[in-house]
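coords_1.txt, holding compact mmCIF, C-alpha atoms:
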```txt
# COMPACT_ATOMS: atom_id res chain seq x y z
CA MET A 14 -11.07 11.63 -21.47
CA LYS A 15 -12.32 9.93 -18.30
CA ARG A 16 -13.64 12.31 -15.66
CA MET A 17 -11.94 12.27 -12.28
CA SER A 18 -14.18 10.80 -9.57
CA MET A 19 -15.23 12.87 -6.58
CA THR A 20 -13.35 10.45 -4.33
CA THR A 21 -10.10 11.19 -6.16
CA ILE A 22 -10.73 14.92 -6.07
CA ILE A 23 -11.37 14.84 -2.32
CA VAL A 24 -8.18 12.85 -1.68
CA ILE A 25 -6.17 15.31 -3.80
CA ALA A 26 -7.77 18.24 -1.94
CA MET A 27 -6.88 16.64 1.40
CA LEU A 28 -3.24 16.14 0.41
CA LEU A 29 -3.00 19.67 -0.97
CA GLY A 30 -4.47 21.00 2.26
CA ILE A 31 -1.85 19.15 4.29
CA GLY A 32 0.89 20.50 2.02
CA VAL A 33 -0.31 24.10 2.17
CA GLY A 34 -0.86 23.90 5.93
CA GLY A 35 2.59 22.44 6.53
CA THR A 36 4.21 25.11 4.35
CA ALA A 37 2.31 27.93 6.07
CA HIS A 38 3.25 26.60 9.51
CA ALA A 39 6.93 26.51 8.52
CA LEU A 40 7.00 29.97 6.91
CA ILE A 41 4.86 31.82 9.46
CA ALA A 42 6.77 31.80 12.74
CA ASP A 43 4.38 33.94 14.78
CA THR A 44 1.63 31.88 16.44
CA ILE A 45 -0.92 34.69 16.24
CA MET A 46 -0.26 35.12 12.52
CA GLN A 47 -0.69 31.37 12.04
CA GLN A 48 -4.06 31.58 13.74
CA HIS A 49 -5.09 34.54 11.57
CA PHE A 50 -4.04 32.69 8.41
CA ALA A 51 -5.88 29.54 9.52
CA HIS A 52 -8.95 31.60 10.35
CA TYR A 53 -9.17 33.05 6.84
CA VAL A 54 -8.38 29.71 5.17
CA SER A 55 -11.05 27.93 7.20
CA ILE A 56 -13.74 30.26 5.83
CA GLY A 57 -14.18 27.86 2.89
CA SER A 58 -14.95 24.90 5.15
CA THR A 59 -17.15 27.09 7.37
CA VAL A 60 -19.26 28.13 4.37
CA PHE A 61 -19.63 24.50 3.28
CA LEU A 62 -20.66 23.26 6.74
CA ARG A 63 -23.16 26.11 7.12
CA LEU A 64 -24.67 25.27 3.74
CA ILE A 65 -24.94 21.63 4.80
CA LYS A 66 -26.66 22.62 8.04
CA MET A 67 -28.95 24.86 6.00
CA ILE A 68 -30.39 21.88 4.11
CA ILE A 69 -30.33 19.21 6.85
CA ALA A 70 -33.67 20.13 8.47
CA PRO A 71 -35.79 20.37 5.27
CA LEU A 72 -34.01 17.31 3.85
CA VAL A 73 -34.71 15.15 6.91
CA PHE A 74 -38.30 16.39 7.21
CA SER A 75 -39.27 16.02 3.55
CA THR A 76 -37.62 12.66 2.88
CA LEU A 77 -38.83 11.16 6.17
CA VAL A 78 -42.43 12.30 5.73
CA VAL A 79 -42.50 11.00 2.14
CA GLY A 80 -40.98 7.69 3.24
CA ILE A 81 -43.43 7.17 6.09
CA GLY A 82 -46.37 8.47 4.09
CA HIS A 83 -45.81 5.73 1.50
CA MET A 84 -45.69 2.98 4.16
CA SER A 85 -49.48 3.01 4.30
CA ASP A 86 -49.81 2.21 8.03
CA ALA A 87 -48.25 2.77 11.43
CA ALA A 88 -47.40 -0.94 11.71
CA SER A 89 -44.88 -0.61 8.88
CA VAL A 90 -43.23 2.34 10.61
CA GLY A 91 -43.03 0.42 13.88
CA ARG A 92 -41.64 -2.67 12.16
CA VAL A 93 -38.87 -0.79 10.35
CA GLY A 94 -38.06 1.21 13.48
CA ALA A 95 -37.85 -1.93 15.62
CA LYS A 96 -35.52 -3.64 13.15
CA ALA A 97 -33.33 -0.54 13.03
CA MET A 98 -33.13 -0.39 16.84
CA ILE A 99 -32.11 -4.07 17.02
CA TRP A 100 -29.11 -3.31 14.81
CA PHE A 101 -28.35 -0.05 16.63
CA VAL A 102 -28.28 -1.66 20.09
CA ALA A 103 -26.19 -4.62 18.92
CA ALA A 104 -23.70 -2.40 17.07
CA SER A 105 -23.44 0.03 20.01
CA LEU A 106 -22.76 -2.73 22.53
CA PHE A 107 -20.16 -4.26 20.21
CA SER A 108 -18.43 -0.89 19.67
CA LEU A 109 -18.31 -0.14 23.39
CA THR A 110 -17.07 -3.62 24.26
CA LEU A 111 -14.40 -3.64 21.56
CA GLY A 112 -13.17 -0.22 22.71
CA MET A 113 -12.97 -1.41 26.32
CA LEU A 114 -11.04 -4.57 25.43
CA LEU A 115 -8.58 -2.84 23.11
CA VAL A 116 -7.75 0.07 25.42
CA ASN A 117 -6.95 -2.47 28.13
CA LEU A 118 -4.85 -4.47 25.67
CA PHE A 119 -2.94 -1.48 24.28
CA GLY A 120 -2.67 0.54 27.51
CA PRO A 121 -2.05 3.90 25.76
CA GLY A 122 -2.19 5.84 29.04
CA LEU A 123 0.17 3.61 31.01
CA GLY A 124 3.42 5.30 32.01
CA MET A 125 2.13 8.87 31.75
CA HIS A 126 1.90 9.11 35.57
CA ARG A 127 -0.27 12.21 35.63
CA LEU A 128 -0.94 13.79 39.03
CA GLN A 129 -4.40 14.98 39.99
CA GLY A 130 -4.53 18.76 40.32
CA VAL A 131 -7.14 21.40 40.88
CA ALA A 132 -7.93 22.04 37.22
CA THR A 133 -11.52 21.56 36.19
CA SER A 134 -12.93 20.11 33.05
CA PRO A 135 -13.35 22.70 30.27
CA VAL A 136 -16.41 20.80 29.04
CA ALA A 137 -19.80 21.46 30.60
CA THR A 138 -21.68 18.35 31.66
CA ALA A 139 -25.01 19.93 32.50
CA GLY A 140 -26.50 18.46 29.34
CA MET A 141 -26.35 14.94 30.75
CA SER A 142 -29.43 15.12 33.03
CA LEU A 143 -32.62 13.16 32.40
CA ASP A 144 -34.44 16.44 31.86
CA SER A 145 -31.97 17.45 29.13
CA PHE A 146 -32.23 13.99 27.56
CA VAL A 147 -36.02 14.38 27.24
CA LYS A 148 -35.64 17.90 25.85
CA HIS A 149 -33.28 16.61 23.15
CA ILE A 150 -35.88 14.06 22.09
CA VAL A 151 -39.27 15.79 22.39
CA PRO A 152 -39.65 19.15 20.61
CA ASP A 153 -41.69 21.96 22.10
CA SER A 154 -41.57 23.75 18.76
CA VAL A 155 -40.86 22.14 15.42
CA PHE A 156 -39.67 25.50 14.12
CA ARG A 157 -37.12 25.81 16.93
CA ALA A 158 -36.01 22.22 16.30
CA MET A 159 -35.42 23.02 12.64
CA THR A 160 -33.66 26.29 13.48
CA ASP A 161 -31.31 24.48 15.90
CA ASN A 162 -30.91 21.44 13.61
CA GLU A 163 -32.03 19.09 16.38
CA ILE A 164 -32.23 16.02 14.14
CA LEU A 165 -33.86 13.74 16.71
CA GLN A 166 -36.61 16.29 17.42
CA ILE A 167 -37.20 16.74 13.69
CA VAL A 168 -37.45 12.95 13.38
CA VAL A 169 -40.07 12.80 16.17
CA PHE A 170 -42.23 15.48 14.53
CA SER A 171 -41.77 13.99 11.05
CA VAL A 172 -42.80 10.52 12.26
CA PHE A 173 -46.06 11.90 13.72
CA PHE A 174 -46.67 13.99 10.60
CA GLY A 175 -45.89 11.10 8.23
CA ILE A 176 -48.11 8.64 10.11
CA ALA A 177 -50.96 11.16 10.06
CA CYS A 178 -50.55 11.56 6.28
CA ALA A 179 -50.49 7.78 5.82
CA SER A 180 -53.70 7.38 7.84
CA MET A 181 -55.67 9.80 5.64
CA PRO A 182 -54.27 9.36 2.10
CA GLU A 183 -57.03 11.25 0.28
CA LYS A 184 -56.96 14.41 2.40
CA ALA A 185 -53.16 14.34 2.62
CA ARG A 186 -52.62 13.76 -1.12
CA VAL A 187 -51.82 17.41 -1.90
CA VAL A 188 -49.55 17.72 1.13
CA MET A 189 -47.70 14.54 0.16
CA GLU A 190 -47.24 15.74 -3.42
CA TRP A 191 -45.89 19.07 -2.14
CA THR A 192 -43.57 17.34 0.33
CA GLU A 193 -42.28 14.96 -2.34
CA SER A 194 -41.58 17.90 -4.65
CA LEU A 195 -39.80 19.63 -1.78
CA SER A 196 -37.61 16.56 -1.22
CA HIS A 197 -36.58 16.52 -4.89
CA ILE A 198 -35.78 20.23 -4.83
CA ILE A 199 -33.72 19.91 -1.64
CA LEU A 200 -31.84 16.95 -3.12
CA LYS A 201 -31.06 19.09 -6.17
CA VAL A 202 -29.80 21.85 -3.88
CA THR A 203 -27.74 19.20 -2.09
CA GLY A 204 -26.06 18.31 -5.36
CA TYR A 205 -25.03 21.94 -5.85
CA VAL A 206 -23.67 22.18 -2.30
CA MET A 207 -21.71 18.94 -2.60
CA MET A 208 -19.74 20.41 -5.50
CA LEU A 209 -17.98 22.52 -2.85
CA ALA A 210 -16.87 19.47 -0.84
CA PRO A 211 -13.27 19.36 -2.18
CA VAL A 212 -12.84 23.07 -1.38
CA ALA A 213 -14.11 22.46 2.16
CA VAL A 214 -11.75 19.51 2.62
CA PHE A 215 -8.76 21.56 1.42
CA CYS A 216 -9.59 24.49 3.70
CA ALA A 217 -10.23 22.33 6.76
CA MET A 218 -6.96 20.42 6.45
CA ALA A 219 -4.89 23.53 5.61
CA ALA A 220 -6.25 25.45 8.62
CA THR A 221 -5.69 22.58 11.05
CA ILE A 222 -2.12 21.86 9.95
CA THR A 223 -1.24 25.60 9.85
CA THR A 224 -1.96 26.07 13.55
CA ASN A 225 -0.70 22.69 14.77
CA GLY A 226 2.05 21.83 12.30
CA LEU A 227 2.83 18.47 10.76
CA SER A 228 4.21 17.37 14.10
CA VAL A 229 0.66 17.06 15.41
CA LEU A 230 0.35 14.03 13.17
CA ILE A 231 2.93 12.26 15.34
CA ASN A 232 2.25 13.91 18.73
CA TYR A 233 0.13 11.66 20.88
CA GLY A 234 1.00 9.11 18.23
CA LYS A 235 0.53 6.13 20.49
CA PHE A 236 -2.97 7.07 21.59
CA MET A 237 -4.09 8.19 18.15
CA GLY A 238 -2.48 5.24 16.38
CA GLU A 239 -3.99 2.68 18.70
CA PHE A 240 -7.39 4.34 18.55
CA TYR A 241 -7.32 4.23 14.76
CA ILE A 242 -6.31 0.57 14.90
CA ALA A 243 -9.37 0.02 17.08
CA LEU A 244 -11.54 1.90 14.57
CA PHE A 245 -10.12 -0.16 11.71
CA LEU A 246 -11.00 -3.37 13.55
CA LEU A 247 -14.49 -1.99 14.14
CA TRP A 248 -14.84 -1.20 10.42
CA CYS A 249 -13.76 -4.74 9.56
CA ALA A 250 -16.24 -6.24 12.00
CA LEU A 251 -19.15 -4.11 10.77
CA ILE A 252 -18.35 -4.80 7.12
CA ALA A 253 -17.97 -8.53 7.84
CA ALA A 254 -21.42 -8.52 9.46
CA ALA A 255 -22.79 -6.72 6.40
CA PHE A 256 -21.26 -9.36 4.09
CA LEU A 257 -22.87 -12.11 6.16
CA ILE A 258 -26.29 -10.47 5.88
CA LEU A 259 -26.15 -8.82 2.45
CA GLY A 260 -23.82 -11.20 0.60
CA ARG A 261 -21.93 -10.01 -2.48
CA PRO A 262 -23.86 -6.70 -2.83
CA ALA A 263 -22.05 -5.52 0.33
CA ARG A 264 -18.98 -4.94 -1.85
CA ARG A 265 -20.91 -2.40 -3.92
CA LEU A 266 -22.18 -0.71 -0.78
CA VAL A 267 -18.62 -0.30 0.53
CA SER A 268 -17.59 1.24 -2.81
CA LEU A 269 -20.50 3.67 -2.75
CA MET A 270 -19.60 4.80 0.77
CA ARG A 271 -16.05 5.88 -0.14
CA GLU A 272 -17.00 9.48 -0.90
CA PRO A 273 -19.20 10.05 2.20
CA PHE A 274 -16.50 8.34 4.29
CA LEU A 275 -13.76 10.64 3.02
CA LEU A 276 -15.96 13.71 3.32
CA ALA A 277 -16.84 12.93 6.95
CA PHE A 278 -13.20 12.15 7.73
CA SER A 279 -11.82 15.31 6.14
CA THR A 280 -14.37 17.69 7.65
CA ALA A 281 -14.65 15.82 11.00
CA SER A 282 -18.43 15.99 10.53
CA SER A 283 -20.70 13.04 9.82
CA GLU A 284 -23.49 15.61 9.37
CA ALA A 285 -21.65 16.96 6.33
CA ALA A 286 -21.84 13.53 4.71
CA TYR A 287 -25.56 12.99 5.37
CA PRO A 288 -26.95 14.29 2.04
CA LEU A 289 -24.30 12.41 0.05
CA MET A 290 -25.01 9.20 2.01
CA LEU A 291 -28.70 9.50 1.17
CA ASP A 292 -27.87 9.87 -2.52
CA GLN A 293 -25.35 7.00 -2.58
CA LEU A 294 -27.70 4.63 -0.76
CA SER A 295 -30.37 5.32 -3.39
CA ARG A 296 -27.85 4.07 -5.99
CA PHE A 297 -27.29 0.82 -4.11
CA PRO A 298 -30.36 0.76 -4.51
CA ILE A 299 -32.26 1.32 -1.25
CA SER A 300 -35.72 2.87 -1.38
CA ARG A 301 -36.10 6.36 0.03
CA ARG A 302 -38.77 5.19 2.47
CA ILE A 303 -36.16 3.04 4.21
CA SER A 304 -33.08 5.27 4.00
CA SER A 305 -34.92 8.49 4.86
CA PHE A 306 -36.27 6.82 8.02
CA VAL A 307 -33.30 4.77 9.23
CA LEU A 308 -30.53 7.32 8.57
CA PRO A 309 -31.92 10.12 10.78
CA LEU A 310 -32.52 7.58 13.56
CA GLY A 311 -28.96 6.33 13.14
CA TYR A 312 -27.57 9.83 13.55
CA SER A 313 -29.03 9.85 17.06
CA PHE A 314 -28.86 6.20 18.13
CA ASN A 315 -26.11 4.55 16.07
CA LEU A 316 -22.90 6.53 16.53
CA ASP A 317 -20.50 3.58 16.56
CA GLY A 318 -17.33 5.67 16.33
CA THR A 319 -18.47 7.93 19.17
CA MET A 320 -19.33 4.89 21.30
CA MET A 321 -15.89 3.36 20.91
CA TYR A 322 -14.18 6.67 21.59
CA CYS A 323 -16.08 7.20 24.84
CA THR A 324 -14.84 3.95 26.40
CA PHE A 325 -11.37 4.24 24.87
CA ALA A 326 -10.83 7.80 26.11
CA SER A 327 -12.38 7.32 29.57
CA ILE A 328 -10.18 4.32 30.39
CA PHE A 329 -7.14 6.01 28.78
CA ILE A 330 -7.55 8.90 31.23
CA ALA A 331 -7.79 6.49 34.16
CA GLN A 332 -4.57 4.81 32.97
CA ALA A 333 -2.83 8.17 32.61
CA TYR A 334 -3.57 8.96 36.27
CA ASP A 335 -2.51 5.44 37.41
CA ILE A 336 -6.06 4.61 38.49
CA SER A 337 -6.81 0.91 38.24
CA LEU A 338 -10.38 0.13 37.22
CA PRO A 339 -11.60 -3.44 37.90
CA TRP A 340 -13.45 -5.19 35.11
CA SER A 341 -16.72 -4.93 37.05
CA THR A 342 -16.40 -1.13 37.15
CA GLN A 343 -15.50 -0.97 33.46
CA ILE A 344 -18.56 -3.04 32.56
CA ILE A 345 -20.80 -0.71 34.60
CA MET A 346 -19.12 2.22 32.85
CA LEU A 347 -19.83 0.57 29.49
CA LEU A 348 -23.52 0.11 30.27
CA THR A 349 -23.74 3.69 31.57
CA LEU A 350 -22.20 5.01 28.36
CA MET A 351 -24.70 2.92 26.39
CA LEU A 352 -27.47 5.06 27.88
CA THR A 353 -25.90 8.49 28.38
CA SER A 354 -24.49 8.70 24.87
CA LYS A 355 -28.02 8.55 23.46
CA GLY A 356 -28.90 11.88 25.04
CA VAL A 357 -26.34 14.10 23.36
CA ALA A 358 -27.80 14.51 19.88
CA GLY A 359 -27.27 18.14 18.91
CA ILE A 360 -24.71 18.93 21.66
CA PRO A 361 -21.47 20.41 20.25
CA ARG A 362 -18.45 18.15 20.85
CA ALA A 363 -20.83 15.52 22.19
CA SER A 364 -18.12 12.92 22.85
CA LEU A 365 -16.27 15.25 25.21
CA VAL A 366 -19.52 15.98 27.05
CA VAL A 367 -20.15 12.26 27.56
CA ILE A 368 -16.55 11.61 28.64
CA ALA A 369 -16.54 14.53 31.11
CA ALA A 370 -19.80 13.33 32.64
CA THR A 371 -18.47 9.76 32.87
CA LEU A 372 -15.29 10.89 34.62
CA SER A 373 -17.35 12.80 37.15
CA GLN A 374 -19.74 9.91 37.75
CA PHE A 375 -16.95 7.39 38.36
CA LYS A 376 -14.84 9.75 40.50
CA LEU A 377 -12.08 10.05 37.91
CA PRO A 378 -10.14 13.35 37.53
CA GLU A 379 -12.25 15.60 35.33
CA GLU A 380 -9.18 17.58 34.22
CA GLY A 381 -8.23 14.43 32.31
CA VAL A 382 -10.34 15.79 29.45
CA LEU A 383 -7.48 18.25 28.87
CA LEU A 384 -5.30 15.30 27.81
CA ILE A 385 -7.42 14.67 24.74
CA LEU A 386 -8.80 18.16 24.10
CA GLY A 387 -5.89 19.19 21.87
CA ILE A 388 -6.15 16.20 19.56
CA ASP A 389 -9.92 15.76 19.69
CA THR A 390 -10.34 17.20 16.20
CA PHE A 391 -8.10 14.52 14.70
CA LEU A 392 -9.88 11.81 16.65
CA ASP A 393 -13.22 13.27 15.61
CA MET A 394 -12.25 12.70 11.97
CA GLY A 395 -12.11 8.95 12.60
CA ARG A 396 -15.26 8.96 14.72
CA SER A 397 -17.24 10.82 12.08
CA ALA A 398 -16.09 8.50 9.30
CA THR A 399 -16.95 5.47 11.44
CA ASN A 400 -20.45 6.82 12.07
CA VAL A 401 -20.90 7.01 8.29
CA VAL A 402 -19.83 3.36 7.93
CA GLY A 403 -22.13 2.21 10.73
CA ASN A 404 -25.21 4.08 9.56
CA SER A 405 -24.86 3.14 5.90
CA LEU A 406 -24.50 -0.54 6.79
CA ALA A 407 -27.42 -0.31 9.23
CA THR A 408 -29.67 1.17 6.53
CA ALA A 409 -28.71 -1.56 4.05
CA VAL A 410 -29.27 -4.32 6.61
CA VAL A 411 -32.72 -3.00 7.54
CA ALA A 412 -33.59 -2.75 3.84
CA LYS A 413 -32.50 -6.38 3.43
CA TRP A 414 -34.63 -7.48 6.39
CA GLU A 415 -37.55 -5.62 4.82
CA GLY A 416 -37.03 -7.47 1.52
CA GLN A 417 -36.24 -4.20 -0.26
CA LEU A 418 -32.92 -5.25 -1.80
CA PRO A 419 -32.31 -7.28 -4.96
CA SER A 420 -30.10 -10.36 -4.57
CA GLU A 421 -27.43 -8.77 -6.74
CA PRO A 422 -26.54 -5.11 -7.43
CA ALA A 423 -28.04 -3.61 -10.54
CA GLN A 424 -24.74 -2.42 -12.02
CA PRO A 425 -21.10 -2.13 -11.06
CA VAL A 426 -19.72 1.04 -9.54
CA LYS A 427 -17.69 3.27 -11.85
CA GLY A 428 -14.90 5.44 -10.58
```

Let me see whether you can do it: turn the structure in this file into structure tokens.
Amino acid sequence: MKRMSMTTIIVIAMLLGIGVGGTAHALIADTIMQQHFAHYVSIGSTVFLRLIKMIIAPLVFSTLVVGIGHMSDAASVGRVGAKAMIWFVAASLFSLTLGMLLVNLFGPGLGMHRLQGVATSPVATAGMSLDSFVKHIVPDSVFRAMTDNEILQIVVFSVFFGIACASMPEKARVVMEWTESLSHIILKVTGYVMMLAPVAVFCAMAATITTNGLSVLINYGKFMGEFYIALFLLWCALIAAAFLILGRPARRLVSLMREPFLLAFSTASSEAAYPLMLDQLSRFPISRRISSFVLPLGYSFNLDGTMMYCTFASIFIAQAYDISLPWSTQIIMLLTLMLTSKGVAGIPRASLVVIAATLSQFKLPEEGVLLILGIDTFLDMGRSATNVVGNSLATAVVAKWEGQLPSEPAQPVKG
């Protein structure tokens, strides 16, 4: 009997979660009781996400150090990093521009005629200063960075550590062997944790639908629908670019990314999909020295879904308040978002932080964040899944540019 694939199991878990959540919402009339039920149901997804966060720091450190340590010199690290940044900048600009064009075309906020009041944004924007940006990049303690799961800071330390190991191969041999063993152990632990993914998906969907009801799937339907159309077009564009660069093997890559995509979508966390992405990319196959270097960078510099959402939501809020933004202002806003969005790695609900700061900077009503706050979780599902698509394609493209990919995939995907 053929075993059911993880993709199928996750989809079934998602549908069951929607069904259970819808039933609970209908049977439990009291709002407080709904919240209590959702709280207990969500424990499963909370445990999963905490386990994922538990392994992120050692996984990023060990795989990145091993990857850089095998590059033999700093020039190789710089070359791979430069190629990755070329893709990141191009993809980010494209995502921002596409979001700006489509929100103007669709006009989801037109006709809402919101009036500016005295409400303030519920999202703190203090994290958007230059000082905070530097602090998010440069660690003052690697142990604190690992405790707080500051991926970009871990990357900075790991790059220095890996280059140092590569520059003194004899003295670092024992350290490299230990680090490589650690990476294998953490990947084994990752496999155990990922077995809980369907449970996490079920719990997350059931809890969300219990408190909001099935009607939330149609509330704000215009904005959500048009945003997901925009995301779909972005997926098509990114995959088309991958086909142009990778050729036929891009089809296998897309197949391998189904499970990380669904996991990120269901849990609204691209971080949850990171270990699975690393494993799937190795099956493509992409060498660990490429994927373990490019993926952590991508999680800080290549958030395509987040980029699109920032422009889409900011201009949507302006439309809702009947504020006309000339194209010149929108372009300046786009370029500003290109920079500010790079400084929010590790900030909870980073997209809302960026949007709130953008509204303030361009004299738009900050209380406009309240318009999207209620549905942000559902939008975050699409953003997270898009970030998985963008980073997996970026890693494959960099591997291709480095001559690390065969012309054809080794074997077809099963399941």

What would the list of residues within 8 Å of (-38.9, 15.3, 4.4) (file frame) look like as a compact mmCIF listing (two decimals) with C-alpha atoms, in the frame of the given file, if only C-alpha atoms are what count?
```txt
# COMPACT_ATOMS: atom_id res chain seq x y z
CA PRO A 71 -35.79 20.37 5.27
CA LEU A 72 -34.01 17.31 3.85
CA VAL A 73 -34.71 15.15 6.91
CA PHE A 74 -38.30 16.39 7.21
CA SER A 75 -39.27 16.02 3.55
CA THR A 76 -37.62 12.66 2.88
CA LEU A 77 -38.83 11.16 6.17
CA VAL A 78 -42.43 12.30 5.73
CA VAL A 79 -42.50 11.00 2.14
CA GLY A 80 -40.98 7.69 3.24
CA SER A 171 -41.77 13.99 11.05
CA THR A 192 -43.57 17.34 0.33
CA GLU A 193 -42.28 14.96 -2.34
CA LEU A 195 -39.80 19.63 -1.78
CA SER A 196 -37.61 16.56 -1.22
CA SER A 305 -34.92 8.49 4.86
```

Open item on the list: For a quick check of understanding, using only C-alpha atoms, which of A:Ser364, A:Thr390, A:Thr21, A:Gln166 has the smallest distance to Thr221 (chain A)?
Closed with: A:Thr390

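In this comparison, which uses all atoms listed in the file, the residue of A:Ile41, A:Ala70, A:Leu106, A:Ala220 approaching Gly57 (chain A) most closely is A:Ala220.
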
Go through region 184-293 of chain A residue by residue and, counting all atoms listed in the file, keep those with an atom at most 10 Å from region 121-125 of chain A; for each kept residue give the shortest atom pair and its distance in Å to one decimal, ordered by chain and increasing number, as JSON lines.
```
{"residue": "A:Tyr233", "atom": "CA", "partner": "A:Pro121", "partner_atom": "CA", "distance": 9.4}
{"residue": "A:Gly234", "atom": "CA", "partner": "A:Pro121", "partner_atom": "CA", "distance": 9.7}
{"residue": "A:Lys235", "atom": "CA", "partner": "A:Pro121", "partner_atom": "CA", "distance": 6.3}
{"residue": "A:Phe236", "atom": "CA", "partner": "A:Pro121", "partner_atom": "CA", "distance": 5.3}
{"residue": "A:Met237", "atom": "CA", "partner": "A:Pro121", "partner_atom": "CA", "distance": 9.0}
{"residue": "A:Gly238", "atom": "CA", "partner": "A:Pro121", "partner_atom": "CA", "distance": 9.5}
{"residue": "A:Glu239", "atom": "CA", "partner": "A:Pro121", "partner_atom": "CA", "distance": 7.4}
{"residue": "A:Phe240", "atom": "CA", "partner": "A:Pro121", "partner_atom": "CA", "distance": 9.0}
```

TODO: Can you work out the spacing between CA of Leu347 (chain A) and CA of Phe325 (chain A) in Å, to one decimal?
DONE: 10.3 Å

Fewer than 2 positions away in the same chain doesn't count, so skip those; otherwise give me all residues within 12 Å of Leu246 (chain A), counting only C-alpha atoms, as a PDB file with C-alpha atoms, in the frame of the given file.
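Output below, filename out39.pdb:
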```pdb
ATOM      1  CA  PHE A 107     -20.160  -4.260  20.210  1.00  0.00           C
ATOM      2  CA  SER A 108     -18.430  -0.890  19.670  1.00  0.00           C
ATOM      3  CA  LEU A 111     -14.400  -3.640  21.560  1.00  0.00           C
ATOM      4  CA  GLY A 112     -13.170  -0.220  22.710  1.00  0.00           C
ATOM      5  CA  LEU A 114     -11.040  -4.570  25.430  1.00  0.00           C
ATOM      6  CA  LEU A 115      -8.580  -2.840  23.110  1.00  0.00           C
ATOM      7  CA  GLU A 239      -3.990   2.680  18.700  1.00  0.00           C
ATOM      8  CA  PHE A 240      -7.390   4.340  18.550  1.00  0.00           C
ATOM      9  CA  TYR A 241      -7.320   4.230  14.760  1.00  0.00           C
ATOM     10  CA  ILE A 242      -6.310   0.570  14.900  1.00  0.00           C
ATOM     11  CA  ALA A 243      -9.370   0.020  17.080  1.00  0.00           C
ATOM     12  CA  LEU A 244     -11.540   1.900  14.570  1.00  0.00           C
ATOM     13  CA  TRP A 248     -14.840  -1.200  10.420  1.00  0.00           C
ATOM     14  CA  CYS A 249     -13.760  -4.740   9.560  1.00  0.00           C
ATOM     15  CA  ALA A 250     -16.240  -6.240  12.000  1.00  0.00           C
ATOM     16  CA  LEU A 251     -19.150  -4.110  10.770  1.00  0.00           C
ATOM     17  CA  ILE A 252     -18.350  -4.800   7.120  1.00  0.00           C
ATOM     18  CA  ALA A 253     -17.970  -8.530   7.840  1.00  0.00           C
ATOM     19  CA  GLY A 318     -17.330   5.670  16.330  1.00  0.00           C
ATOM     20  CA  MET A 321     -15.890   3.360  20.910  1.00  0.00           C
ATOM     21  CA  THR A 399     -16.950   5.470  11.440  1.00  0.00           C
TER      22      THR A 399
END
```

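Distance-wise, CA of Met218 (chain A) and CA of Met17 (chain A) end up 21.0 Å apart.
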
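Interatomic distance, CA of Thr223 (chain A) to CA of Leu276 (chain A): 20.0 Å.
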
Determine, counting all atoms listed in the file, which protein, DNA and RNA residues have an atom within 10 Å of an atom of Leu310 (chain A); residues of the same chain fewer than 5 positions away are not included. Present the result as a PDB file with C-alpha atoms, in the coordinates of the input.
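The resulting out.pdb:
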```
ATOM      1  CA  GLY A  94     -38.060   1.210  13.480  1.00  0.00           C
ATOM      2  CA  ALA A  97     -33.330  -0.540  13.030  1.00  0.00           C
ATOM      3  CA  MET A  98     -33.130  -0.390  16.840  1.00  0.00           C
ATOM      4  CA  PHE A 101     -28.350  -0.050  16.630  1.00  0.00           C
ATOM      5  CA  ILE A 164     -32.230  16.020  14.140  1.00  0.00           C
ATOM      6  CA  LEU A 165     -33.860  13.740  16.710  1.00  0.00           C
ATOM      7  CA  VAL A 168     -37.450  12.950  13.380  1.00  0.00           C
ATOM      8  CA  VAL A 169     -40.070  12.800  16.170  1.00  0.00           C
ATOM      9  CA  SER A 304     -33.080   5.270   4.000  1.00  0.00           C
ATOM     10  CA  SER A 305     -34.920   8.490   4.860  1.00  0.00           C
ATOM     11  CA  ASN A 315     -26.110   4.550  16.070  1.00  0.00           C
ATOM     12  CA  ASN A 404     -25.210   4.080   9.560  1.00  0.00           C
ATOM     13  CA  THR A 408     -29.670   1.170   6.530  1.00  0.00           C
TER      14      THR A 408
END
```

Task: A:Val116, A:Ala185, A:His197, A:Ile222 ranked by distance to Ala37 (chain A), top pick (using all atoms listed in the file) - done: A:Ile222

Open item on the list: I need the residue nearest Phe297 (chain A) from this list: A:Gln332, A:Val267, A:Thr59, A:Gln374. Use only C-alpha atoms for the distance.
Closed with: A:Val267

Open item on the list: Restricting the calculation to all atoms listed in the file: of A:Leu259, A:Ala219, A:Ser279, A:Gly82, which residue gets closest to Arg186 (chain A)?
Closed with: A:Gly82
